[in-house]
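work.txt, holding compact mmCIF, C-alpha atoms:
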# COMPACT_ATOMS: atom_id res chain seq x y z
CA SER F 1 55.15 29.30 140.83
CA ALA F 2 53.91 25.78 140.75
CA GLY F 3 52.56 23.09 138.49
CA ASP F 4 53.46 23.10 134.80
CA LEU F 5 54.84 26.60 135.05
CA GLU F 6 57.26 25.82 137.88
CA ASN F 7 60.72 27.16 137.02
CA ALA F 8 59.53 27.98 133.52
CA GLU F 9 62.03 30.79 133.09
CA HIS F 10 61.92 30.80 129.31
CA THR F 11 58.15 31.05 129.28
CA ALA F 12 58.36 33.78 131.90
CA GLY F 13 60.71 35.80 129.74
CA VAL F 14 58.56 35.48 126.65
CA ILE F 15 55.38 36.38 128.51
CA SER F 16 57.05 39.36 130.19
CA GLU F 17 57.98 40.74 126.82
CA LEU F 18 54.50 40.07 125.49
CA VAL F 19 52.95 41.96 128.37
CA ALA F 20 55.37 44.85 128.14
CA THR F 21 54.67 45.24 124.43
CA ALA F 22 50.92 44.92 124.85
CA CYS F 23 50.81 47.42 127.68
CA GLY F 24 52.14 49.98 125.27
CA PHE F 25 49.08 49.66 123.01
CA ARG F 26 46.53 52.44 123.18
CA LEU F 27 43.71 51.63 120.82
CA GLN F 28 41.61 54.73 121.58
CA ARG F 29 44.33 57.11 122.73
CA GLY F 30 43.36 56.45 126.35
CA PRO F 31 45.66 56.75 129.37
CA GLU F 32 45.51 53.05 130.20
CA PRO F 33 46.14 49.85 128.30
CA PRO F 34 42.94 48.69 126.61
CA PHE F 35 42.81 45.28 128.24
CA LYS F 36 42.59 43.62 131.63
CA ARG F 37 43.82 40.19 130.75
CA LEU F 38 45.95 38.69 128.02
CA SER F 39 45.16 35.21 126.72
CA VAL F 40 47.68 33.15 124.80
CA VAL F 41 45.59 30.38 123.27
CA PHE F 42 47.11 27.10 122.22
CA GLY F 43 45.47 23.93 120.94
CA GLU F 44 44.93 22.24 124.29
CA HIS F 45 45.70 24.94 126.86
CA THR F 46 45.72 28.68 127.34
CA PHE F 47 47.95 31.04 129.29
CA LEU F 48 46.01 33.80 130.98
CA VAL F 49 48.11 36.79 131.97
CA THR F 50 47.36 39.88 133.99
CA VAL F 51 49.29 42.55 135.85
CA SER F 52 48.61 43.65 139.40
CA GLY F 53 50.87 45.97 141.28
CA GLN F 54 54.26 45.39 139.74
CA LYS F 55 53.74 41.66 139.31
CA ILE F 56 52.78 39.63 136.29
CA PHE F 57 50.38 36.77 137.04
CA VAL F 58 50.25 33.82 134.66
CA VAL F 59 47.82 30.93 134.81
CA LYS F 60 47.72 27.90 132.57
CA ARG F 61 44.27 26.52 132.02
CA GLN F 62 43.02 23.67 129.92
CA ASN F 63 40.78 24.65 127.09
CA ARG F 64 37.19 23.73 127.64
CA VAL F 65 36.23 20.64 125.76
CA ARG F 66 33.88 21.66 123.04
CA GLU F 67 30.82 19.51 122.88
CA PRO F 68 30.93 17.32 119.86
CA VAL F 69 28.49 18.60 117.31
CA ALA F 70 25.61 16.23 116.85
CA VAL F 71 25.34 15.39 113.23
CA GLY V 1 124.91 24.68 170.59
CA GLY V 2 127.59 27.26 170.25
CA ARG V 3 128.14 29.83 167.67
CA GLU V 4 130.46 27.79 165.60
CA GLY V 5 127.92 25.12 164.87
CA ARG V 6 125.05 27.28 163.69
CA VAL V 7 126.61 30.19 161.93
CA SER V 8 129.20 28.38 159.91
CA GLY V 9 128.00 30.01 156.73
CA TYR V 10 128.68 33.51 157.89
CA PRO V 11 132.03 34.88 156.81
CA SER V 12 133.71 37.13 159.32
CA PRO V 13 134.45 40.66 158.31
CA GLN V 14 138.14 40.18 158.65
CA GLY V 15 138.53 37.30 156.29
CA CYS V 16 136.08 37.21 153.51
CA LEU V 17 134.49 40.41 152.44
CA LEU V 18 135.05 39.58 148.79
CA ALA V 19 135.02 35.81 148.72
CA GLY V 20 131.75 35.45 150.50
CA GLY V 21 129.94 37.88 148.26
CA ALA V 22 127.66 35.39 146.55
CA GLY V 23 126.83 33.66 149.76
CA ALA V 24 126.13 36.88 151.54
CA ALA V 25 123.83 38.03 148.81
CA ALA V 26 121.70 35.01 149.49
CA HIS V 27 121.80 35.84 153.17
CA VAL V 28 120.39 39.27 152.65
CA ILE V 29 117.51 37.93 150.64
CA GLY V 30 116.55 35.97 153.65
CA ALA V 31 118.23 32.64 153.76
CA ALA V 32 120.21 33.47 156.81
CA GLY V 33 121.26 30.92 159.35
CA PRO V 34 118.52 28.40 159.86
CA GLU V 35 118.08 27.52 156.17
CA PRO V 36 121.22 25.80 155.03
CA ASP V 37 119.48 24.41 151.91
CA THR V 38 118.98 27.67 150.13
CA VAL V 39 122.25 29.35 150.92
CA PRO V 40 125.09 28.57 148.53
CA ARG V 41 127.95 28.24 150.94
CA PRO V 42 131.55 28.82 149.95
CA SER V 43 133.15 25.39 149.91
CA PRO V 44 135.96 25.96 152.37
CA PRO V 45 134.59 27.48 155.55
CA PRO V 46 136.22 30.86 155.78
CA PRO V 47 138.58 31.49 158.66
CA ARG V 48 137.01 33.35 161.53
CA ARG V 49 138.31 34.96 164.60
CA PRO V 50 137.44 32.86 167.60
CA ALA V 51 134.33 34.30 169.20
CA PRO V 52 133.61 34.46 172.89
CA PRO V 53 130.85 32.06 173.97
CA ARG V 54 127.39 33.69 173.94
CA PRO V 55 124.43 32.93 176.19
CA ALA V 56 121.97 30.38 174.81
CA MET V 57 118.96 32.72 175.11
CA GLY V 58 120.22 35.22 172.66
CA CYS V 59 118.14 38.29 173.37
CA CYS V 60 119.99 39.60 176.39
CA TYR V 61 123.31 40.86 175.28
CA SER V 62 125.92 41.95 177.67
CA SER V 63 128.48 43.51 175.42
CA GLU V 64 128.24 46.87 173.77
CA ASN V 65 129.34 45.32 170.52
CA GLU V 66 126.19 43.35 170.16
CA ALA V 67 123.94 46.30 170.86
CA THR V 68 125.47 48.19 167.99
CA ASP V 69 125.15 45.09 165.87
CA GLN V 70 121.45 44.99 166.60
CA GLU V 71 120.99 48.64 165.75
CA GLU V 72 122.81 48.23 162.51
CA GLU V 73 120.80 45.14 161.88
CA THR V 74 117.45 46.92 162.15
CA LYS V 75 118.70 49.99 160.37
CA ARG V 76 119.90 48.05 157.40
CA LEU V 77 116.73 46.04 157.14
CA LEU V 78 114.45 49.03 157.07
CA GLU V 79 115.79 50.34 153.80
CA PRO V 80 115.35 47.18 151.76
CA ALA V 81 111.91 46.67 153.30
CA ALA V 82 110.65 50.03 152.12
CA SER V 83 111.74 49.53 148.52
CA PRO V 84 110.35 46.91 146.10
CA PRO V 85 111.84 43.44 146.33
CA ASN V 86 113.93 43.69 143.18
CA LYS V 87 115.85 46.52 144.70
CA VAL V 88 116.79 44.24 147.54
CA LEU V 89 118.20 41.74 145.07
CA ASN V 90 120.16 44.27 143.11
CA GLY V 91 121.58 46.05 146.09
CA ALA V 92 122.44 42.90 147.94
CA GLU V 93 126.10 43.21 147.29
CA GLN V 94 126.25 46.75 148.55
CA ASN V 95 124.30 45.70 151.60
CA TYR V 96 126.78 42.98 152.25
CA LEU V 97 129.72 45.27 151.98
CA SER V 98 128.17 47.46 154.67
CA LEU V 99 128.12 44.50 157.11
CA PRO V 100 130.59 45.51 159.72
CA SER V 101 130.41 42.51 162.07
CA ALA V 102 129.12 38.97 162.33
CA ARG V 103 125.71 38.09 163.83
CA THR V 104 124.51 35.60 166.37
CA ASP V 105 122.06 32.77 165.80
CA GLU V 106 119.10 34.63 167.19
CA GLN V 107 119.89 37.83 165.40
CA ALA V 108 120.34 35.92 162.19
CA MET V 109 116.99 34.23 162.60
CA LEU V 110 115.31 37.52 163.40
CA SER V 111 116.86 39.18 160.43
CA SER V 112 115.87 36.32 158.17
CA ILE V 113 112.27 36.48 159.35
CA LEU V 114 112.20 40.22 158.89
CA ALA V 115 113.70 40.03 155.44
CA LYS V 116 111.33 37.29 154.32
CA THR V 117 108.34 39.22 155.59
CA ALA V 118 109.60 42.37 153.97
CA THR V 119 109.92 40.71 150.58
CA ASN V 120 106.55 39.01 150.88
CA ILE V 121 104.60 41.99 152.10
CA ILE V 122 103.06 44.30 149.54
CA ASP V 123 103.04 47.62 151.28
CA VAL V 124 100.11 49.50 149.85
CA SER V 125 100.70 52.68 151.79
CA ALA V 126 104.31 52.93 150.66
CA ALA V 127 103.51 52.14 147.02
CA ASP V 128 105.06 54.42 144.46
CA SER V 129 102.38 56.98 143.82
CA GLN V 130 104.31 59.67 142.03
CA GLY V 131 103.16 58.50 138.60
CA MET V 132 99.71 60.08 138.76
CA GLU V 133 99.56 63.77 138.09
CA GLN V 134 96.50 65.89 138.11
CA HIS V 135 95.77 65.57 134.40
CA GLU V 136 96.30 61.81 134.48
CA TYR V 137 93.94 61.61 137.39
CA MET V 138 91.28 63.61 135.54
CA ASP V 139 91.74 61.54 132.38
CA ARG V 140 91.24 58.34 134.28
CA ALA V 141 88.17 59.69 136.04
CA ARG V 142 86.73 60.63 132.66
CA GLN V 143 87.46 57.17 131.25
CA TYR V 144 85.74 55.51 134.16
CA SER V 145 82.68 57.71 133.94
CA THR V 146 82.28 57.10 130.19
CA ARG V 147 82.57 53.38 130.74
CA LEU V 148 79.97 53.60 133.47
CA ALA V 149 77.68 55.50 131.15
CA MET V 150 78.04 52.79 128.51
CA LEU V 151 77.11 50.13 131.04
CA SER V 152 74.22 52.09 132.44
CA ASN V 153 72.76 52.40 128.94
CA ASN V 154 72.29 48.66 129.00
CA LEU V 155 70.79 48.93 132.46
CA THR V 156 68.12 51.41 131.39
CA HIS V 157 66.74 48.69 129.14
CA TRP V 158 65.89 46.86 132.33
CA LYS V 159 64.49 50.00 133.92
CA LYS V 160 61.89 50.27 131.15
CA LEU V 161 60.28 46.97 132.08
CA PRO V 162 59.29 47.47 135.73
CA PRO V 163 56.94 50.44 135.35
CA LEU V 164 54.10 48.18 134.21
CA PRO V 165 50.63 49.67 134.43
CA SER V 166 48.50 47.75 136.85
CA LEU V 167 45.68 46.15 134.92
CA THR V 168 43.62 45.01 137.88
CA SER V 169 43.55 44.90 141.64
CA GLN V 170 42.09 41.37 141.75
CA PRO V 171 44.42 39.23 139.70
CA HIS V 172 43.07 35.90 140.94
CA GLN V 173 39.51 36.76 140.05
CA VAL V 174 40.50 38.08 136.66
CA LEU V 175 42.54 34.99 135.88
CA ALA V 176 39.82 32.63 137.09
CA SER V 177 37.00 34.22 135.19
CA GLU V 178 35.59 32.97 131.93
CA THR V 179 38.01 32.33 129.15
CA VAL V 180 37.51 33.83 125.74
CA PRO V 181 34.53 32.13 124.12
CA TYR V 182 35.48 29.82 121.36
CA PRO V 183 33.29 31.50 118.70
CA ASP V 184 35.12 34.76 119.39
CA LEU V 185 38.44 33.00 118.92
CA GLN V 186 37.23 31.52 115.67
CA GLN V 187 36.14 34.91 114.43
CA VAL V 188 39.45 36.51 115.30
CA SER V 189 41.35 33.71 113.58
CA ARG V 190 39.21 34.13 110.48
CA ILE V 191 39.74 37.89 110.36
CA ALA V 192 43.48 37.43 110.80
CA ALA V 193 43.54 34.90 107.97
CA TYR V 194 41.67 37.36 105.69
CA ALA V 195 44.11 40.10 106.57
CA PHE V 196 47.06 37.85 105.83
CA SER V 197 45.75 36.80 102.45
CA ALA V 198 44.92 40.40 101.57
CA LEU V 199 48.43 41.47 102.42
CA SER V 200 49.87 38.69 100.34
CA GLN V 201 47.88 39.87 97.31
CA ILE V 202 49.39 43.30 97.27
CA ARG V 203 51.28 43.69 94.03
CA VAL V 204 52.19 46.27 91.51
CA ASP V 205 49.84 46.56 88.52
CA ALA V 206 51.85 47.96 85.64
CA LYS V 207 49.63 50.03 83.36
CA GLU V 208 52.03 52.36 81.62
CA GLU V 209 55.61 52.54 80.66
CA LEU V 210 57.88 53.58 83.40
CA VAL V 211 60.25 55.41 81.17
CA VAL V 212 58.76 57.84 78.65
CA GLN V 213 60.16 60.10 75.97
CA PHE V 214 59.66 63.78 76.28
CA GLY V 215 57.72 65.21 73.40
CA ILE V 216 60.16 67.87 72.35
CA PRO V 217 59.08 69.48 69.15
Write the structure described by the file as structure tokens, please.
Amino acid sequence: SAGDLENAEHTAGVISELVATACGFRLQRGPEPPFKRLSVVFGEHTFLVTVSGQKIFVVKRQNRVREPVAV
Amino acid sequence: GGREGRVSGYPSPQGCLLAGGAGAAAHVIGAAGPEPDTVPRPSPPPPRRPAPPRPAMGCCYSSENEATDQEEETKRLLEPAASPPNKVLNGAEQNYLSLPSARTDEQAMLSSILAKTATNIIDVSAADSQGMEQHEYMDRARQYSTRLAMLSNNLTHWKKLPPLPSLTSQPHQVLASETVPYPDLQQVSRIAAYAFSALSQIRVDAKEELVVQFGIP
């Protein structure tokens, strides 16, 4: 990995457990997990997580700046 | 040098079978000849019969006497080598008493090297293996397999994680696509807050007495 997530082993462990738990959810009794991507939203940034093959992909993105509301 | 100079610590069989006992015990352990520091020598050098001069290169022996010495030398060393080192120490006196004749420099060095190696070597093939009977063997195998089973129970926890269902075949596209719209996030947060407050308001509403009297006429 690279960037802010480089060598982030603790984060990796937490996100792995998150994904493993979430993949066990079956909201409508279907055969597959009911989601394609998992978003962990923080104040300034968001972790986007998905699974492809046997690998977990994690991306950290900055939250889009919300336009200030014109008063 | 001659024999006299090098082998002064060796008592001859004629003179000192008893007096040189302590010294000879040290010899058998392996401090023979070329290690004067470790051998406790008897203070007066024991009287020896005068020996005929030997050749300097000691391996070629001309007399029959020396051949038999060499055979006895190797024969005696084999028995202590096969047994554990403490047996060599305990039986040192008996070994000494079986010394029939004196040795030369080279033979002494050879015997010292052999004895040292014998005490230092741990012979795995000759290890005492008579302690394990069939039932002991089966018990140990059972112990090992139960311990392995305990450890593998912890390992199966790891085995549960890998079989992850594949959510997509295009991870980069999925991760790069639009993030969750902020209004949706706000709505979810609001709903979660409602749920939390509703849960916190769960309480017991006592309407009647819990304990009542039976109306027994």
Next on the checklist: Using Å and a single decimal, report how far atom CA of Pro165 of chain V sits from atom CA of Lys55 of chain F.
Outcome noted: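 Computing it gives 9.9 Å between the two atoms.
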Checklist entry - Which residue out of V:Ser112, V:Thr179, V:Thr146, V:Gln170 has the minimum interatomic distance to Gln62 of chain F when all atoms listed in the file are used? => result V:Thr179
Checklist entry - atom CA of Arg37 of chain F and atom CA of Phe25 of chain F, how far apart in Å? => result 13.3 Å
Next on the checklist: Show me, as number ranges by chain, the residues that have an atom within 10 Å of Pro34 of chain F when counting all atoms listed in the file, minus same-chain residues fewer than 5 positions from it.
Outcome noted: F: 22-29; V: 167
What are the nearest atom pairs, with distances in Å to one decimal, for all residues of chain V that come at most 8 Å from chain F, using all atoms listed in the file, set out by chain and rising residue number as CSV?
residue,atom,partner,partner_atom,distance
V:Leu161,CA,F:Ala20,CA,6.6
V:Pro162,CA,F:Gln54,CA,6.8
V:Pro163,CA,F:Gln54,CA,7.2
V:Leu164,CA,F:Gln54,CA,6.2
V:Pro165,CA,F:Cys23,CA,7.1
V:Ser166,CA,F:Ser52,CA,4.8
V:Leu167,CA,F:Lys36,CA,5.2
V:Thr168,CA,F:Ser52,CA,5.4
V:Ser169,CA,F:Ser52,CA,5.7
V:Gln170,CA,F:Ser52,CA,7.3
V:Pro171,CA,F:Ser52,CA,6.1
V:Val174,CA,F:Arg37,CA,7.1
V:Leu175,CA,F:Leu48,CA,6.1
V:Val180,CA,F:Ser39,CA,7.8
Checklist entry - So how far away is atom CA of Leu151 of chain V from atom CA of Gln134 of chain V, in Å? => result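 These atoms are spaced 26.0 Å apart.
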Would you mind putting N, CA, C and O atoms back on segment 6-27 of chain F and writing the result as a compact mmCIF listing (two decimals), keeping the file's coordinate frame?
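Saved as rebuild.txt:
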# COMPACT_ATOMS: atom_id res chain seq x y z
N GLU F 6 56.21 25.72 136.87
CA GLU F 6 57.26 25.82 137.88
C GLU F 6 58.61 25.92 137.20
O GLU F 6 58.97 25.11 136.36
N ASN F 7 59.37 26.93 137.57
CA ASN F 7 60.72 27.16 137.02
C ASN F 7 60.72 27.34 135.51
O ASN F 7 61.73 27.06 134.87
N ALA F 8 59.59 27.78 134.97
CA ALA F 8 59.53 27.98 133.52
C ALA F 8 60.09 29.36 133.20
O ALA F 8 59.36 30.29 132.89
N GLU F 9 61.43 29.47 133.24
CA GLU F 9 62.03 30.79 133.09
C GLU F 9 61.91 31.30 131.67
O GLU F 9 61.73 32.49 131.42
N HIS F 10 62.02 30.36 130.71
CA HIS F 10 61.92 30.80 129.31
C HIS F 10 60.54 31.34 129.02
O HIS F 10 60.38 32.43 128.43
N THR F 11 59.52 30.58 129.46
CA THR F 11 58.15 31.05 129.28
C THR F 11 57.95 32.39 129.96
O THR F 11 57.29 33.29 129.42
N ALA F 12 58.52 32.53 131.16
CA ALA F 12 58.36 33.78 131.90
C ALA F 12 58.94 34.95 131.10
O ALA F 12 58.34 36.02 131.02
N GLY F 13 60.10 34.72 130.50
CA GLY F 13 60.71 35.80 129.74
C GLY F 13 59.86 36.20 128.56
O GLY F 13 59.65 37.40 128.28
N VAL F 14 59.37 35.19 127.83
CA VAL F 14 58.56 35.48 126.65
C VAL F 14 57.28 36.23 127.04
O VAL F 14 56.90 37.22 126.41
N ILE F 15 56.64 35.75 128.11
CA ILE F 15 55.38 36.38 128.51
C ILE F 15 55.62 37.79 129.03
O ILE F 15 54.81 38.70 128.79
N SER F 16 56.74 38.01 129.72
CA SER F 16 57.05 39.36 130.19
C SER F 16 57.16 40.32 129.01
O SER F 16 56.65 41.44 129.05
N GLU F 17 57.82 39.85 127.97
CA GLU F 17 57.98 40.74 126.82
C GLU F 17 56.65 40.98 126.14
O GLU F 17 56.34 42.10 125.71
N LEU F 18 55.83 39.93 126.04
CA LEU F 18 54.50 40.07 125.49
C LEU F 18 53.72 41.15 126.22
O LEU F 18 53.12 42.04 125.62
N VAL F 19 53.72 41.03 127.55
CA VAL F 19 52.95 41.96 128.37
C VAL F 19 53.48 43.37 128.22
O VAL F 19 52.72 44.33 128.07
N ALA F 20 54.80 43.50 128.24
CA ALA F 20 55.37 44.85 128.14
C ALA F 20 54.99 45.49 126.81
O ALA F 20 54.65 46.68 126.75
N THR F 21 55.06 44.69 125.73
CA THR F 21 54.67 45.24 124.43
C THR F 21 53.20 45.60 124.40
O THR F 21 52.81 46.68 123.94
N ALA F 22 52.36 44.69 124.92
CA ALA F 22 50.92 44.92 124.85
C ALA F 22 50.50 46.10 125.70
O ALA F 22 49.55 46.82 125.34
N CYS F 23 51.19 46.31 126.82
CA CYS F 23 50.81 47.42 127.68
C CYS F 23 51.10 48.76 127.01
O CYS F 23 50.60 49.79 127.46
N GLY F 24 51.89 48.74 125.97
CA GLY F 24 52.14 49.98 125.27
C GLY F 24 51.06 50.32 124.26
O GLY F 24 51.04 51.42 123.72
N PHE F 25 50.15 49.39 123.99
CA PHE F 25 49.08 49.66 123.01
C PHE F 25 48.07 50.63 123.60
O PHE F 25 47.71 50.54 124.76
N ARG F 26 47.61 51.55 122.77
CA ARG F 26 46.53 52.44 123.18
C ARG F 26 45.58 52.53 121.99
O ARG F 26 45.77 53.31 121.08
N LEU F 27 44.54 51.70 122.01
CA LEU F 27 43.71 51.63 120.82
C LEU F 27 42.90 52.91 120.62
O LEU F 27 42.68 53.34 119.50
